[in-house]
>>> print(open('coords-v8.cif').read())   # mmCIF, C-alpha atoms
data_my_file
loop_
_atom_site.label_atom_id
_atom_site.label_comp_id
_atom_site.auth_asym_id
_atom_site.auth_seq_id
_atom_site.Cartn_x
_atom_site.Cartn_y
_atom_site.Cartn_z
CA MET J 88 86.00 184.36 -45.87
CA MET J 89 87.56 182.49 -42.99
CA SER J 90 84.31 182.62 -41.02
CA MET J 91 82.43 181.17 -44.00
CA ARG J 92 84.88 178.29 -44.21
CA ARG J 93 84.53 177.59 -40.51
CA LEU J 94 80.74 177.71 -40.78
CA PHE J 95 80.82 175.34 -43.76
CA ALA J 96 83.19 172.95 -42.00
CA GLY J 97 81.08 173.08 -38.85
CA GLY J 98 77.96 172.24 -40.83
CA TRP J 99 79.63 169.21 -42.41
CA LEU J 100 80.87 168.01 -39.04
CA THR J 101 77.39 168.34 -37.59
CA ALA J 102 75.87 166.43 -40.50
CA TYR J 103 78.53 163.73 -40.21
CA ALA J 104 77.93 163.35 -36.47
CA PHE J 105 74.18 163.10 -37.07
CA LEU J 106 74.56 160.45 -39.79
CA TYR J 107 77.00 158.51 -37.62
CA ILE J 108 74.57 158.45 -34.69
CA VAL J 109 71.70 157.40 -36.96
CA PHE J 110 73.78 154.60 -38.51
CA LEU J 111 74.89 153.40 -35.09
CA TYR J 112 71.63 153.57 -33.15
CA LEU J 113 68.83 153.23 -35.70
CA PRO J 114 68.95 149.40 -35.66
CA VAL J 115 68.83 149.50 -31.87
CA ILE J 116 65.67 151.62 -31.94
CA PHE J 117 63.87 148.92 -33.94
CA LEU J 118 64.43 146.43 -31.12
CA PRO J 119 61.86 147.85 -28.63
CA ILE J 120 59.48 148.66 -31.49
CA PHE J 121 59.31 145.07 -32.74
CA SER J 122 59.23 143.71 -29.18
CA ILE J 123 55.67 145.02 -28.73
CA ASN J 124 54.43 143.83 -32.13
CA THR J 125 51.70 141.18 -32.07
CA ALA J 126 53.20 139.45 -35.12
CA PRO J 127 55.92 136.89 -34.38
CA THR J 128 58.12 138.26 -37.19
CA PRO J 129 59.73 141.74 -37.17
CA LYS J 130 58.25 143.60 -40.12
CA PHE J 131 56.44 146.78 -41.04
CA PRO J 132 53.67 147.73 -40.81
CA LEU J 133 53.07 146.56 -37.26
CA THR J 134 50.02 144.35 -36.94
CA GLY J 135 49.25 145.49 -33.39
CA TYR J 136 50.66 146.20 -29.98
CA THR J 137 51.03 143.79 -27.09
CA LEU J 138 53.06 143.19 -23.95
CA LYS J 139 52.55 139.43 -24.17
CA TRP J 140 56.18 138.72 -24.99
CA TYR J 141 57.30 140.56 -21.86
CA GLN J 142 54.73 138.81 -19.70
CA ASP J 143 55.95 135.40 -20.90
CA LEU J 144 59.57 136.03 -19.91
CA PRO J 145 59.19 135.21 -16.17
CA LYS J 146 57.43 131.97 -17.14
CA THR J 147 60.57 130.54 -18.77
CA PRO J 148 62.71 128.59 -16.26
CA ALA J 149 65.74 128.45 -18.58
CA LEU J 150 65.66 132.24 -18.91
CA LEU J 151 65.48 132.74 -15.15
CA ASP J 152 68.44 130.40 -14.66
CA ALA J 153 70.44 132.26 -17.29
CA ALA J 154 69.57 135.61 -15.68
CA TRP J 155 70.68 134.34 -12.27
CA ASN J 156 73.93 133.05 -13.75
CA SER J 157 74.56 136.41 -15.44
CA LEU J 158 73.91 138.18 -12.14
CA ILE J 159 76.42 135.96 -10.32
CA VAL J 160 79.04 136.38 -13.04
CA GLY J 161 78.46 140.12 -13.36
CA VAL J 162 78.70 140.87 -9.64
CA SER J 163 81.73 138.63 -9.16
CA ALA J 164 83.59 139.97 -12.19
CA SER J 165 82.85 143.62 -11.37
CA VAL J 166 83.99 143.28 -7.75
CA LEU J 167 87.20 141.40 -8.63
CA ALA J 168 88.04 143.68 -11.56
CA THR J 169 87.45 146.79 -9.46
CA LEU J 170 89.60 145.50 -6.58
CA LEU J 171 92.44 144.70 -8.96
CA GLY J 172 91.86 148.01 -10.74
CA ILE J 173 92.16 149.92 -7.47
CA LEU J 174 95.51 148.31 -6.72
CA ALA J 175 96.83 148.84 -10.24
CA ALA J 176 95.56 152.43 -10.55
CA ARG J 177 96.99 153.29 -7.15
CA SER J 178 100.35 151.85 -8.11
CA ILE J 179 100.55 153.56 -11.50
CA THR J 180 99.43 156.99 -10.32
CA ARG J 181 101.39 157.14 -7.05
CA TYR J 182 104.71 155.42 -7.69
CA ARG J 183 107.50 155.56 -10.26
CA TYR J 184 109.30 152.29 -10.98
CA PRO J 185 110.96 150.57 -13.96
CA GLY J 186 108.51 149.08 -16.44
CA ARG J 187 105.53 151.09 -15.18
CA ARG J 188 104.44 152.14 -18.68
CA THR J 189 104.94 148.63 -20.01
CA ILE J 190 102.84 147.13 -17.24
CA ASN J 191 100.12 149.70 -17.86
CA GLY J 192 100.17 148.84 -21.57
CA LEU J 193 99.85 145.12 -20.86
CA ILE J 194 96.91 145.74 -18.53
CA MET J 195 95.15 147.79 -21.21
CA ALA J 196 95.96 145.29 -24.01
CA PRO J 197 92.55 143.49 -23.91
CA LEU J 198 90.98 146.72 -25.21
CA VAL J 199 92.73 146.35 -28.56
CA LEU J 200 93.10 142.58 -28.87
CA PRO J 201 90.30 140.66 -30.67
CA GLU J 202 88.02 139.05 -28.11
CA ILE J 203 87.98 135.76 -29.96
CA ILE J 204 91.77 135.53 -29.63
CA LEU J 205 91.50 136.24 -25.91
CA ALA J 206 88.72 133.67 -25.57
CA ILE J 207 90.63 130.92 -27.36
CA SER J 208 93.79 131.70 -25.40
CA MET J 209 91.97 131.58 -22.09
CA LEU J 210 90.23 128.35 -23.09
CA LEU J 211 93.60 126.72 -23.77
CA VAL J 212 94.99 127.98 -20.47
CA MET J 213 91.98 126.73 -18.53
CA LEU J 214 92.21 123.30 -20.11
CA GLN J 215 95.96 123.10 -19.48
CA LEU J 216 95.34 123.95 -15.82
CA GLY J 217 92.78 121.18 -15.61
CA LEU J 218 89.87 123.50 -14.83
CA SER J 219 86.41 122.40 -15.95
CA LEU J 220 84.39 125.00 -17.82
CA SER J 221 81.88 126.64 -15.51
CA LEU J 222 80.71 130.02 -14.27
CA PHE J 223 84.04 130.32 -12.47
CA THR J 224 85.99 130.25 -15.73
CA VAL J 225 83.55 132.77 -17.22
CA VAL J 226 84.20 135.08 -14.25
CA LEU J 227 87.95 134.81 -14.82
CA GLY J 228 87.51 135.69 -18.48
CA HIS J 229 85.26 138.64 -17.70
CA VAL J 230 87.70 139.95 -15.10
CA LEU J 231 90.39 140.00 -17.77
CA ILE J 232 88.36 142.16 -20.16
CA CYS J 233 86.85 144.34 -17.41
CA ILE J 234 90.12 145.39 -15.74
CA PRO J 235 91.11 147.86 -18.53
CA TYR J 236 87.76 149.64 -18.23
CA SER J 237 88.07 149.69 -14.47
CA MET J 238 91.59 151.09 -14.78
CA THR J 239 90.41 153.86 -17.10
CA VAL J 240 87.84 155.07 -14.57
CA LEU J 241 89.93 154.58 -11.43
CA THR J 242 93.14 156.07 -12.83
CA ALA J 243 91.28 159.31 -13.52
CA GLY J 244 89.94 159.26 -9.96
CA PHE J 245 93.36 158.71 -8.39
CA GLU J 246 95.09 161.26 -10.64
CA GLY J 247 92.58 163.91 -9.66
CA PHE J 248 93.07 163.25 -5.97
CA ASP J 249 94.94 165.92 -3.99
CA ARG J 250 97.94 164.20 -2.40
CA SER J 251 98.24 166.92 0.25
CA LEU J 252 95.22 165.36 1.97
CA GLU J 253 97.13 162.12 2.42
CA GLU J 254 100.20 164.02 3.60
CA ALA J 255 98.09 165.89 6.14
CA SER J 256 96.66 162.60 7.41
CA ALA J 257 100.17 161.16 7.76
CA ASP J 258 101.34 164.28 9.61
CA LEU J 259 98.51 163.78 12.08
CA GLY J 260 99.84 160.31 12.91
CA GLU J 261 97.59 158.11 10.77
CA SER J 262 99.13 154.94 9.33
CA ALA J 263 99.46 154.35 5.58
CA PHE J 264 96.59 151.86 5.55
CA GLY J 265 94.47 154.11 7.76
CA THR J 266 95.08 157.04 5.43
CA PHE J 267 94.10 154.91 2.46
CA ARG J 268 90.93 153.69 4.19
CA ARG J 269 89.82 156.94 5.83
CA VAL J 270 90.97 159.55 3.29
CA THR J 271 91.72 158.08 -0.13
CA LEU J 272 88.88 155.60 -0.53
CA PRO J 273 86.09 158.01 0.48
CA MET J 274 87.41 160.58 -1.99
CA VAL J 275 87.53 158.14 -4.90
CA ALA J 276 84.33 156.32 -3.90
CA PRO J 277 82.32 157.72 -6.87
CA ALA J 278 84.99 156.42 -9.25
CA ILE J 279 84.90 153.02 -7.54
CA ILE J 280 81.11 152.79 -7.84
CA SER J 281 81.35 153.91 -11.45
CA SER J 282 83.91 151.16 -12.10
CA LEU J 283 81.61 148.56 -10.55
CA LEU J 284 78.70 149.64 -12.73
CA VAL J 285 80.77 149.76 -15.92
CA CYS J 286 82.28 146.33 -15.30
CA PHE J 287 78.90 144.83 -14.45
CA THR J 288 77.40 146.22 -17.66
CA ILE J 289 80.26 144.86 -19.77
CA SER J 290 80.00 141.45 -18.12
CA LEU J 291 76.22 141.39 -18.52
CA ASP J 292 76.41 141.99 -22.27
CA GLU J 293 79.58 140.01 -23.07
CA PHE J 294 79.13 137.04 -25.40
CA VAL J 295 82.39 135.85 -26.98
CA ILE J 296 84.31 135.08 -23.77
CA ALA J 297 81.25 133.43 -22.22
CA PHE J 298 80.65 131.36 -25.37
CA PHE J 299 84.10 129.77 -25.15
CA LEU J 300 84.43 129.48 -21.37
CA THR J 301 80.94 128.53 -20.23
CA GLY J 302 79.99 124.96 -19.41
CA THR J 303 76.47 123.71 -18.90
CA GLU J 304 75.43 126.86 -17.03
CA THR J 305 74.61 129.52 -19.60
CA THR J 306 74.48 133.29 -19.23
CA LEU J 307 71.90 135.59 -20.80
CA PRO J 308 73.85 136.31 -24.02
CA ILE J 309 74.42 132.58 -24.54
CA TYR J 310 70.73 131.91 -23.87
CA ILE J 311 69.73 134.53 -26.43
CA TRP J 312 72.11 133.02 -28.98
CA GLY J 313 70.54 129.61 -28.46
CA GLN J 314 67.01 130.94 -28.84
CA LEU J 315 67.76 132.60 -32.18
CA ARG J 316 67.76 129.17 -33.81
CA PHE J 317 63.99 128.95 -33.35
CA ALA J 318 61.78 131.42 -35.22
CA ALA J 319 58.98 131.04 -32.66
CA LYS J 320 61.31 132.28 -29.92
CA LEU J 321 62.24 135.51 -31.71
CA PRO J 322 59.59 137.78 -30.07
CA GLY J 323 60.77 136.72 -26.61
CA VAL J 324 64.37 137.38 -27.63
CA LEU J 325 63.41 140.87 -28.80
CA ALA J 326 61.68 141.57 -25.49
CA LEU J 327 64.63 140.26 -23.50
CA GLY J 328 67.05 142.25 -25.65
CA THR J 329 65.05 145.40 -25.00
CA LEU J 330 65.26 144.88 -21.24
CA LEU J 331 69.02 144.32 -21.46
CA LEU J 332 69.35 147.44 -23.60
CA VAL J 333 67.46 149.55 -21.06
CA ALA J 334 69.41 148.07 -18.15
CA SER J 335 72.74 148.76 -19.89
CA PHE J 336 71.72 152.32 -20.71
CA VAL J 337 70.65 153.03 -17.13
CA LEU J 338 73.80 151.53 -15.62
CA MET J 339 76.12 153.37 -17.99
CA THR J 340 74.26 156.64 -17.38
CA VAL J 341 74.60 156.26 -13.61
CA ALA J 342 78.28 155.34 -14.02
CA GLU J 343 78.92 158.47 -16.10
CA ILE J 344 77.12 160.67 -13.58
CA LEU J 345 79.25 159.24 -10.79
CA ARG J 346 82.42 159.69 -12.85
CA ARG J 347 81.64 163.35 -13.44
CA ARG J 348 80.77 163.79 -9.78
CA ALA J 349 84.14 162.31 -8.87
CA ALA J 350 85.84 164.74 -11.27
CA ARG J 351 84.05 167.75 -9.77
CA ARG J 352 84.79 166.51 -6.27
CA THR J 353 88.54 166.27 -6.88
CA GLN J 354 88.54 169.67 -8.54
CA ASN J 355 86.77 171.22 -5.56
CA GLU J 356 89.31 169.57 -3.26
CA GLY J 357 92.20 171.00 -5.25
CA GLY J 358 92.77 168.03 -7.53
CA LEU J 359 94.41 168.11 -10.95
CA TYR J 360 91.81 166.17 -12.91
CA ALA J 361 91.92 166.85 -16.64
#
>>> encode(input="coords-v8.cif", output="structure tokens")
Amino acid sequence: MMSMRRLFAGGWLTAYAFLYIVFLYLPVIFLPIFSINTAPTPKFPLTGYTLKWYQDLPKTPALLDAAWNSLIVGVSASVLATLLGILAARSITRYRYPGRRTINGLIMAPLVLPEIILAISMLLVMLQLGLSLSLFTVVLGHVLICIPYSMTVLTAGFEGFDRSLEEASADLGESAFGTFRRVTLPMVAPAIISSLLVCFTISLDEFVIAFFLTGTETTLPIYIWGQLRFAAKLPGVLALGTLLLVASFVLMTVAEILRRRAARRTQNEGGLYA
């Protein structure tokens, strides 16, 4: 009787998971399908297949400028967020001091706070500081929302690291900085690369913060938002959205592979990764 109940419950859980995935990703699947449709409007049945919308993307100067701006913002935000994440993760996992949990909670707060509240708050702060809205302010905003994700990845990497390796390095006469550079960083390098990729992906797709903090230089999400006002531009938006979707999927897949590699590496070295 108990086995029948478990089988029944397992079947419901499987069906629920399947329906959840369909509900979540079915609209996304329509994006690449409509991006190769010859008709300018997304509808079934498809009138034909074409790559014209993709071929026209490099011929749009405004799109190329937005892509370059997104690349600058994404690289800058991912590097800064990862550097700050390394320092914070190192501090939280290695040392015990008053307020450590509170500080960790404040760092992770952007994960649960509405982005529009963060965006408006940062806009007010930037204006009070006398900063003009530009790509620099967008980078600052993206760093704020990327640090929690960086911390999540890097904290796991530092917690799984075997401290005896650092102690052995210190016993052999290496300085604290030398130990960190020669022993710690190489061991957590997969986690660092994973953090860079995750932060870059988040920055590349982020809209709300960029919408409030950008000036005259737009990023790709802002460019897409502007193009949606014109029906004739919709096929190009679908094609561009498909490319961003594929790029995000590839980057997140690589980041996850590196994260798992980092976990296996620390386990093989005697780490305590859970």
>>> residues_around(input="coords-v8.cif", residues="region 217-228 of chain J", least_positions_apart="5", cutoff="9 Å", atoms="all atoms listed in the file", output="JSON, numbers by chain")
{"J": [156, 157, 159, 160, 161, 163, 164, 167, 205, 206, 209, 210, 212, 233, 290, 296, 297, 298, 299, 300, 301, 302, 303, 304, 305, 306]}
>>> closest_residue(input="coords-v8.cif", among="J:Cys286, J:Lys320, J:Thr239, J:Asp143", to="Ser335 (chain J)", atoms="only C-alpha atoms")
J:Cys286
>>> residues_around(input="coords-v8.cif", residues="region 128-136 of chain J", least_positions_apart="5", cutoff="12 Å", atoms="all atoms listed in the file", output="list in words")
Phe117, Leu118, Pro119, Ile120, Phe121, Ser122, Ile123, Tyr141, Phe317, Ala318, Ala319, Lys320, Leu321, Pro322, Gly323, Val324, Leu325 and Ala326 of chain J
>>> atom_distance(input="coords-v8.cif", atom1="CA of Tyr112 (chain J)", atom2="CA of Phe336 (chain J)")
12.5 Å
>>> atom_distance(input="coords-v8.cif", atom1="CA of Leu332 (chain J)", atom2="CA of Leu150 (chain J)")
16.3 Å
>>> closest_residue(input="coords-v8.cif", among="J:Leu338, J:Leu283, J:Leu241, J:Ile344", to="Val162 (chain J)", atoms="only C-alpha atoms")
J:Leu283
>>> atom_distance(input="coords-v8.cif", atom1="CA of Leu231 (chain J)", atom2="CA of Leu216 (chain J)")
16.9 Å
>>> resolve_selection(input="coords-v8.cif", expression="the PyMOL selection byres ((chain J and resi 278) around 6)", output="short mmCIF file (atom, residue, chain, number, x, y, z; two decimals) with C-alpha atoms, in the coordinates of the input")
data_model
loop_
_atom_site.label_atom_id
_atom_site.label_comp_id
_atom_site.auth_asym_id
_atom_site.auth_seq_id
_atom_site.Cartn_x
_atom_site.Cartn_y
_atom_site.Cartn_z
CA LEU J 241 89.93 154.58 -11.43
CA GLY J 244 89.94 159.26 -9.96
CA VAL J 275 87.53 158.14 -4.90
CA ALA J 276 84.33 156.32 -3.90
CA PRO J 277 82.32 157.72 -6.87
CA ILE J 279 84.90 153.02 -7.54
CA ILE J 280 81.11 152.79 -7.84
CA SER J 281 81.35 153.91 -11.45
CA ARG J 346 82.42 159.69 -12.85
CA ALA J 349 84.14 162.31 -8.87
#
>>> closest_residue(input="coords-v8.cif", among="J:Ile179, J:Ile108, J:Leu144, J:Leu174", to="Gly328 (chain J)", atoms="all atoms listed in the file")
J:Leu144
>>> closest_residue(input="coords-v8.cif", among="J:Ile116, J:Leu170, J:Ile232, J:Ala126", to="Ile194 (chain J)", atoms="only C-alpha atoms")
J:Ile232
>>> axis_aligned_box(input="coords-v8.cif", around="region 132-136 of chain J", padding_each_side="8 Å", output="lines of an AutoDock Vina configuration file")
center_x = 51.5
center_y = 146.0
center_z = -35.4
size_x = 20.4
size_y = 19.4
size_z = 26.8
>>> closest_residue(input="coords-v8.cif", among="J:Leu284, J:Val295, J:Ala149, J:Leu315", to="Ala334 (chain J)", atoms="all atoms listed in the file")
J:Leu284
>>> resolve_selection(input="coords-v8.cif", expression="the PyMOL selection byres ((chain J and resi 172) around 8)", output="PyMOL selection string")
chain J and resi 168-171+173-176+234-235+237-238+241
